[in-house]
Every structure is written in C-alpha cells, then in structure tokens.
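S.K.: Quick one: the structure is below, questions incoming.
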Amino acid sequence: MKLTKDQIEEIDKYLQYLGVKFIDVRIELIDHLATEFENESEYVLIGDFLRTKGNFVKKFQREWDKTRHWSHQNALIRRILRYFYEPKQWFIPVCVGLLIWLHFKIFPDLYIEISFFATLIIPQCLHFYIYYKPEGIHKKILSTKYILSIMALPSIFMYLMGIMAPILKENPEIFYIYWFFALVFNIAGLQEVVALKRKIVRTYSKLISN
Amino acid sequence: MVNENSIVQEKMGNSKLYKGSLNTIILKLLDEEGKMYGYEITQKVKELSKGELNITEGALYPALHKLEAEGLLDVEVARVDNRLRKYYKLTEKGEKETVSRLAELEDFIRSMQQLVNPKWSIQ
C-alpha cells in the first residue's frame with residue numbers, strides 16, 4: 001500500500017516536531033520511514049508507527065552532524081598533506097613560498113604586517129561570501145552549515161597572532177614559516193569550501209529548484 | 001525489536017564479527033547494483049543472507065554518510081511516488097576502494113580459515 005501525500009506530510013510534520021529542521025536530512029528520513037511502513041509495518045496508523053521511531057530519528061540527525069563535521073576537517077587535513085606528497089599538487093606550496101620570498105625581497109618591512117593580515121583575512125571573507133551569496137534556500141540544507149565550519153582550522157592562524165606576535169617579531173624566519181603555513185591552510189580551506197558548495201548545488205538542485 | 005546500538009543483527013553468531021565488514025558490504029552491493037537507497041540496502045542484505053543478517057537502520061545511515069563524506073559515495077536525489085529519494089552510488093574513488101577492500105576481506109577470510117580449520121581453505 002503506497003502512502004498518500006497527506007501521510008507523507010504527516011511524517012514530515014512529525015520529524016519537524018522532533019527538531020529535524022534541515023530538508024536534506026528530512027528527505028532521507030521521510031523516504032526511509034515511508035518505505036518501511038509501506039513494506040513491513042504491522043501498524044495500521046502511520047502515527048502509531050512513527051512513535052516507535054523517535055530514537056532512530058534523533059540519533060540519525062546527531063550522527064549525521066558528527067560524521068559530517070569531522071569528515072570535512074579530515075578532508076582538509078588530507079588536502080594539505082597532498083600539497084606536500086603529491087607532485088601534481090606542489091604548484092600551490094611552491095607559489096605560496098615564491099610569493100612570500102618575493103615579498104621579502106621587494107617590499108620593505110613596513111608592509112609586512114598589512115600583507116600578512118590581508119592574506120589571512122581575504123580567504124575568510126571569500127568563504128563568507130560563498131556561504132551568504134547564493135539563494136536563501138541553501139540555509140535549509142544541513143550540509144551548507146559545514147561551509148562555515150571548514151574554515152575554523154585555517155582561521156586559527158589569525159587568532160593565534162596575539163600570542164605568537166612577540167616570538168614572530170624576534171624571529172623573522174619563524175614568521176615566514178608561520179605565514180607560509182597560514183596561507184597554505186587558508187588556500188586548502190577555500191578549495192574544500194568551493195568543492196563542497198559545488199557538491200551541494202549538484203546534489204540538491206531538485207530541492208533548491210522546488 | 002531491532003536494537004539500534006548493534007551494528008548488524010543476525011540470528012546466529014556474533015555481531016562483532018560483522019562490525020568491520022559493514023562498509024565493505026555496502027560498497028560491494030553498490031558496485032553490483034549501481035545505485036541504491038538506504039532501505040533497499042537493508043533488504044538486499046537480508047535477502048542475500050537468507051534472513052541471517054539484518055543491518056539495522058541505526059548502523060546503516062552513519063556508515064553511508066561516512067562513506068559519502070570520505071568521497072567514496074555520491075548522492076543522487078530523485079522523485080519517487082509522493083516523495084524524494086536519496087540514491088547512493090560509487091564514485092571513481094569508491095570503485096577503486098571497493099576492489100581493495102574486497103581483496104583485504106578475502107585475505108582476512110583466507111587467513112581465518114587457515115587458523116580455524118587448516119585442513120580446509122578456499123582457493
């Protein structure tokens with residue numbers, strides 16, 4: 001017996017009642033619960049069946065969130081490591097190193113602080129732009145949330161500056177190494193953000209267009 | 001009643017033995033079927049194992065989401081009946097990983113059989 005549109009809406013309302021607000025999470029749960037009810041439920045009323053699924057629904061969203069958050073952080077670390085062990089990826093660290101070396105050779109020390117902060121702030125601003133620019137519907141997709149969290153690790157370089165400043169001022173070599181890694185982390189973060197955004201748009205285009 | 005905390009429920013045996021194989025089972029099924037949705041995977045496992053294995057929904061979805069997040073699975077959303085359905089399929093990276101994990105699993109089974117029953121082993 002196939003569920004009617006009203007029964008599907010009843011499942012959706014139940015999920016929202018349990019706090020599942022993101023549509024990408026809801027579509028998977030709705031389909032699973034509806035299919036299970038259609039194929040093997042002993043219950044006559046959908047409401048009775050749903051009441052037995054409360055724990056599964058809560059765990060589903062919790063696990064989804066946990067898995068995704070850490071997987072994106074892992075993907076970022078793997079991307080950074082690939083810059084160093086995959087010859088095809090050497091282009092990025094070489095360019096960053098060259099940029100810093102040229103800056104050191106061409107510009108006087110006066111501009112170093114400005115350049116340093118600019119190169120760290122620009123990727124952060126860009127990732128906010130990527131998050132906020134598209135249509136509002138993206139905010140209803142849980143996966144979009146990770147666009148923001150990916151850049152948490154690269155932003156540490158900026159926040160640590162307060163503590164690191166005295167050491168970096170006294171040791172220019174350490175400062176250049178710090179700058180190099182800060183830039184590499186930020187570029188890797190931006191690449192992850194762009195890849196995730198593309199994937200969300202591709203996968204959930206049906207949701208976005210509906 | 002299905003216990004959501006167990007990875008795989010089975011009529012006989014120890015679920016811990018299957019714990020490490022869940023991802024490989026999923027990858028293998030997707031390799032054979034092309035694309036599948038969550039409920040379909042649980043039913044296929046039950047069918048292939050003649051009801052001996054039952055992947056719980058509480059274990060299946062975290063595994064699927066993890067594989068997707070690792071870039072081994074891709075997702076496709078399609079309208080089916082009155083609702084949207086999320087299909088999972090292998091990515092190129094997933095196809096390579098399936099081959100390697102199956103080889104690993106076969107090696108493991110062979111080693112276990114040699115240990116448990118040295119007189120009988122699969123070729």
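Residues in the structure tokens are numbered from 1 in each chain, the chains being A, B, ... in the order shown, and ligands are numbered from 1 in the order shown.
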List the neighbours of Ile30 in chain A out to 9 Å using only C-alpha atoms; skip same-chain residues closer than 5 positions along the sequence, and give me the result as an MDAnalysis selection string.
M.R.: (chainID A and resid 8:9 11:12 15 25 35) or (chainID B and resid 83:85)
S.K.: Output the contact residues of chain B with respect to chain A at a cut-off of 12 Å, based on only C-alpha atoms, as a PDB file with C-alpha atoms, in the first residue's frame.
M.R.:
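As written to disk, result_8.pdb reads:
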ATOM      1  CA  MET B   1      12.518  -5.461  18.039  1.00  0.00           C
ATOM      2  CA  VAL B   2      15.669  -4.158  16.388  1.00  0.00           C
ATOM      3  CA  ASN B   3      18.394  -2.967  18.703  1.00  0.00           C
ATOM      4  CA  GLU B   4      19.696   0.287  17.208  1.00  0.00           C
ATOM      5  CA  ASN B   5      23.005   0.050  19.012  1.00  0.00           C
ATOM      6  CA  TYR B  37      18.735   3.775  -1.372  1.00  0.00           C
ATOM      7  CA  GLY B  38      19.093   3.049   2.337  1.00  0.00           C
ATOM      8  CA  TYR B  39      16.079   0.813   2.901  1.00  0.00           C
ATOM      9  CA  GLU B  40      16.874  -1.132  -0.271  1.00  0.00           C
ATOM     10  CA  ILE B  41      20.368  -1.937   1.067  1.00  0.00           C
ATOM     11  CA  THR B  42      18.989  -3.387   4.316  1.00  0.00           C
ATOM     12  CA  GLN B  43      16.536  -5.555   2.370  1.00  0.00           C
ATOM     13  CA  THR B  56      19.967  -2.035  11.454  1.00  0.00           C
ATOM     14  CA  GLU B  57      18.909   1.407  10.242  1.00  0.00           C
ATOM     15  CA  GLY B  58      20.799   2.954  13.164  1.00  0.00           C
ATOM     16  CA  ALA B  59      24.044   1.496  11.809  1.00  0.00           C
ATOM     17  CA  LEU B  60      23.427   1.755   8.088  1.00  0.00           C
ATOM     18  CA  TYR B  61      22.933   5.505   7.740  1.00  0.00           C
ATOM     19  CA  PRO B  62      26.002   6.622   9.742  1.00  0.00           C
ATOM     20  CA  ALA B  63      28.047   4.211   7.589  1.00  0.00           C
ATOM     21  CA  LEU B  64      26.541   5.583   4.367  1.00  0.00           C
ATOM     22  CA  HIS B  65      27.115   9.179   5.455  1.00  0.00           C
ATOM     23  CA  LYS B  66      30.690   8.433   6.434  1.00  0.00           C
ATOM     24  CA  LEU B  67      31.428   6.785   3.089  1.00  0.00           C
ATOM     25  CA  GLU B  68      29.824   9.729   1.324  1.00  0.00           C
ATOM     26  CA  ALA B  69      31.841  12.202   3.350  1.00  0.00           C
ATOM     27  CA  GLU B  70      35.035  10.294   2.521  1.00  0.00           C
ATOM     28  CA  GLY B  71      34.241  10.771  -1.159  1.00  0.00           C
ATOM     29  CA  LEU B  73      29.886   7.549  -2.481  1.00  0.00           C
ATOM     30  CA  ASP B  74      27.974  10.100  -4.459  1.00  0.00           C
ATOM     31  CA  VAL B  75      24.337  11.037  -3.919  1.00  0.00           C
ATOM     32  CA  GLU B  76      21.508  11.484  -6.384  1.00  0.00           C
ATOM     33  CA  VAL B  77      18.068  12.794  -5.408  1.00  0.00           C
ATOM     34  CA  ALA B  78      15.086  11.594  -7.461  1.00  0.00           C
ATOM     35  CA  ARG B  79      11.320  11.954  -7.107  1.00  0.00           C
ATOM     36  CA  VAL B  80       9.631   8.626  -6.377  1.00  0.00           C
ATOM     37  CA  ASP B  81       5.865   8.428  -5.743  1.00  0.00           C
ATOM     38  CA  ASN B  82       4.966  11.328  -3.433  1.00  0.00           C
ATOM     39  CA  ARG B  83       8.431  11.896  -2.059  1.00  0.00           C
ATOM     40  CA  LEU B  84      12.097  12.478  -2.811  1.00  0.00           C
ATOM     41  CA  ARG B  85      14.524   9.573  -2.583  1.00  0.00           C
ATOM     42  CA  LYS B  86      18.258   9.721  -1.980  1.00  0.00           C
ATOM     43  CA  TYR B  87      20.222   7.197  -4.021  1.00  0.00           C
ATOM     44  CA  TYR B  88      23.815   6.297  -3.240  1.00  0.00           C
TER      45      TYR B  88
END
S.K.: Please, what distance in Å, to one decimal, runs between CA of Met112 in chain B and CA of Glu47 in chain B?
M.R.: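 One can read the CA of Met112 in chain B to CA of Glu47 in chain B distance as 25.4 Å.
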S.K.: Which value, in Å to one decimal, gives the distance between CA of Val116 in chain B and CA of Lys46 in chain B?
M.R.: 26.4 Å
S.K.: Could you check how far CA of Leu102 in chain A sits from CA of Ser115 in chain A, in Å to one decimal?
M.R.: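 Distance between the two atoms: 12.1 Å.
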S.K.: Enumerate, as a PDB file with C-alpha atoms, in the first residue's frame, the complete set of residues in range 19-120 of chain B that a backbone-based DSSP assignment places in strand (DSSP E).
M.R.:
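As written to disk, selection_38.pdb reads:
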ATOM      1  CA  LYS B  35      22.689   2.811  -7.219  1.00  0.00           C
ATOM      2  CA  MET B  36      20.613   2.007  -4.137  1.00  0.00           C
ATOM      3  CA  LEU B  53      21.915 -10.839   8.589  1.00  0.00           C
ATOM      4  CA  ASN B  54      19.920  -7.735   9.288  1.00  0.00           C
ATOM      5  CA  ILE B  55      21.692  -4.377   9.041  1.00  0.00           C
ATOM      6  CA  LEU B  73      29.886   7.549  -2.481  1.00  0.00           C
ATOM      7  CA  ASP B  74      27.974  10.100  -4.459  1.00  0.00           C
ATOM      8  CA  VAL B  75      24.337  11.037  -3.919  1.00  0.00           C
ATOM      9  CA  GLU B  76      21.508  11.484  -6.384  1.00  0.00           C
ATOM     10  CA  VAL B  77      18.068  12.794  -5.408  1.00  0.00           C
ATOM     11  CA  ALA B  78      15.086  11.594  -7.461  1.00  0.00           C
ATOM     12  CA  ARG B  79      11.320  11.954  -7.107  1.00  0.00           C
ATOM     13  CA  VAL B  80       9.631   8.626  -6.377  1.00  0.00           C
ATOM     14  CA  ARG B  83       8.431  11.896  -2.059  1.00  0.00           C
ATOM     15  CA  LEU B  84      12.097  12.478  -2.811  1.00  0.00           C
ATOM     16  CA  ARG B  85      14.524   9.573  -2.583  1.00  0.00           C
ATOM     17  CA  LYS B  86      18.258   9.721  -1.980  1.00  0.00           C
ATOM     18  CA  TYR B  87      20.222   7.197  -4.021  1.00  0.00           C
ATOM     19  CA  TYR B  88      23.815   6.297  -3.240  1.00  0.00           C
ATOM     20  CA  LYS B  89      26.301   5.248  -5.898  1.00  0.00           C
ATOM     21  CA  LEU B  90      30.043   4.652  -6.027  1.00  0.00           C
TER      22      LEU B  90
END
S.K.: With a distance cut-off of 8 Å and only C-alpha atoms, select the neighbouring residues of range 125-130 of chain A, excluding the residue or stretch itself and same-chain residues fewer than 3 positions from it, and output the selection as a PyMOL selection string.
M.R.: chain A and resi 121-122+133-134+147-148+151+190+193-194+197
S.K.: Please produce a file of those selected residues containing C-alpha atoms, as a compact mmCIF listing (two decimals), in the first residue's frame.
M.R.:
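Listing of again30.txt after writing:
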# COMPACT_ATOMS: atom_id res chain seq x y z
CA ILE A 121 41.54 37.96 6.03
CA ILE A 122 40.79 37.69 2.29
CA LYS A 133 25.85 34.91 -1.69
CA PRO A 134 23.54 32.16 -3.06
CA ILE A 147 30.86 25.56 4.54
CA LEU A 148 31.30 27.72 7.63
CA MET A 151 37.46 27.41 7.71
CA LEU A 190 38.90 27.64 0.36
CA VAL A 193 34.61 25.14 0.61
CA VAL A 194 34.28 25.53 -3.17
CA LYS A 197 29.42 24.15 -2.40
S.K.: Quick one: everything within 10 Å of Phe117 in chain A, counting only C-alpha atoms, minus sequence neighbours fewer than 5 positions away in the same chain. Send it as a PyMOL selection string.
M.R.: chain A and resi 112+122+158+161+179
S.K.: Store the residues of this selection in a file with C-alpha atoms, as a CSV table (one decimal), in the first residue's frame.
M.R.:
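Heads up, here's the output in again.csv:
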chain,number,residue,atom,x,y,z
A,112,ILE,CA,54.7,43.0,6.0
A,122,ILE,CA,40.8,37.7,2.3
A,158,MET,CA,44.8,34.6,12.7
A,161,MET,CA,48.7,36.0,16.3
A,179,TRP,CA,52.9,32.9,7.2
S.K.: Excluding Leu102 in chain B and its own-chain neighbours fewer than 6 positions away, which residues fall within 10 Å of it when counting only C-alpha atoms? Please give them as a short mmCIF file (atom, residue, chain, number, x, y, z; two decimals) with C-alpha atoms, in the first residue's frame.
M.R.:
data_model
loop_
_atom_site.label_atom_id
_atom_site.label_comp_id
_atom_site.auth_asym_id
_atom_site.auth_seq_id
_atom_site.Cartn_x
_atom_site.Cartn_y
_atom_site.Cartn_z
CA SER B 21 32.76 -5.52 7.32
CA THR B 24 32.72 -3.36 2.59
CA ILE B 25 29.26 -4.96 2.36
CA LEU B 27 30.48 -0.89 -1.20
CA LYS B 28 30.14 -4.37 -2.71
CA PHE B 108 41.27 -11.98 6.04
#
S.K.: Hey, which of B:Leu48, B:Asn23, B:Leu72, B:Ser111 ends up closest to Glu97 in chain B? Count only C-alpha atoms.
M.R.: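 Using only C-alpha atoms, the shortest distance to Glu97 in chain B belongs to B:Leu72.
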S.K.: Just list as an MDAnalysis selection string whatever in chain A DSSP marks as alpha helix (DSSP H).
M.R.: chainID A and resid 5:17 23:40 46:51 54:85 91:106 112:132 145:150 152:159 161:170 172:203 205:209
S.K.: Determine the nearest neighbour of Asp31 in chain B from the options B:Gly94, B:Val45, B:Asn117, B:Glu52, counting only C-alpha atoms.
M.R.: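 Of B:Gly94, B:Val45, B:Asn117, B:Glu52, the one nearest Asp31 in chain B is B:Gly94, counting only C-alpha atoms.
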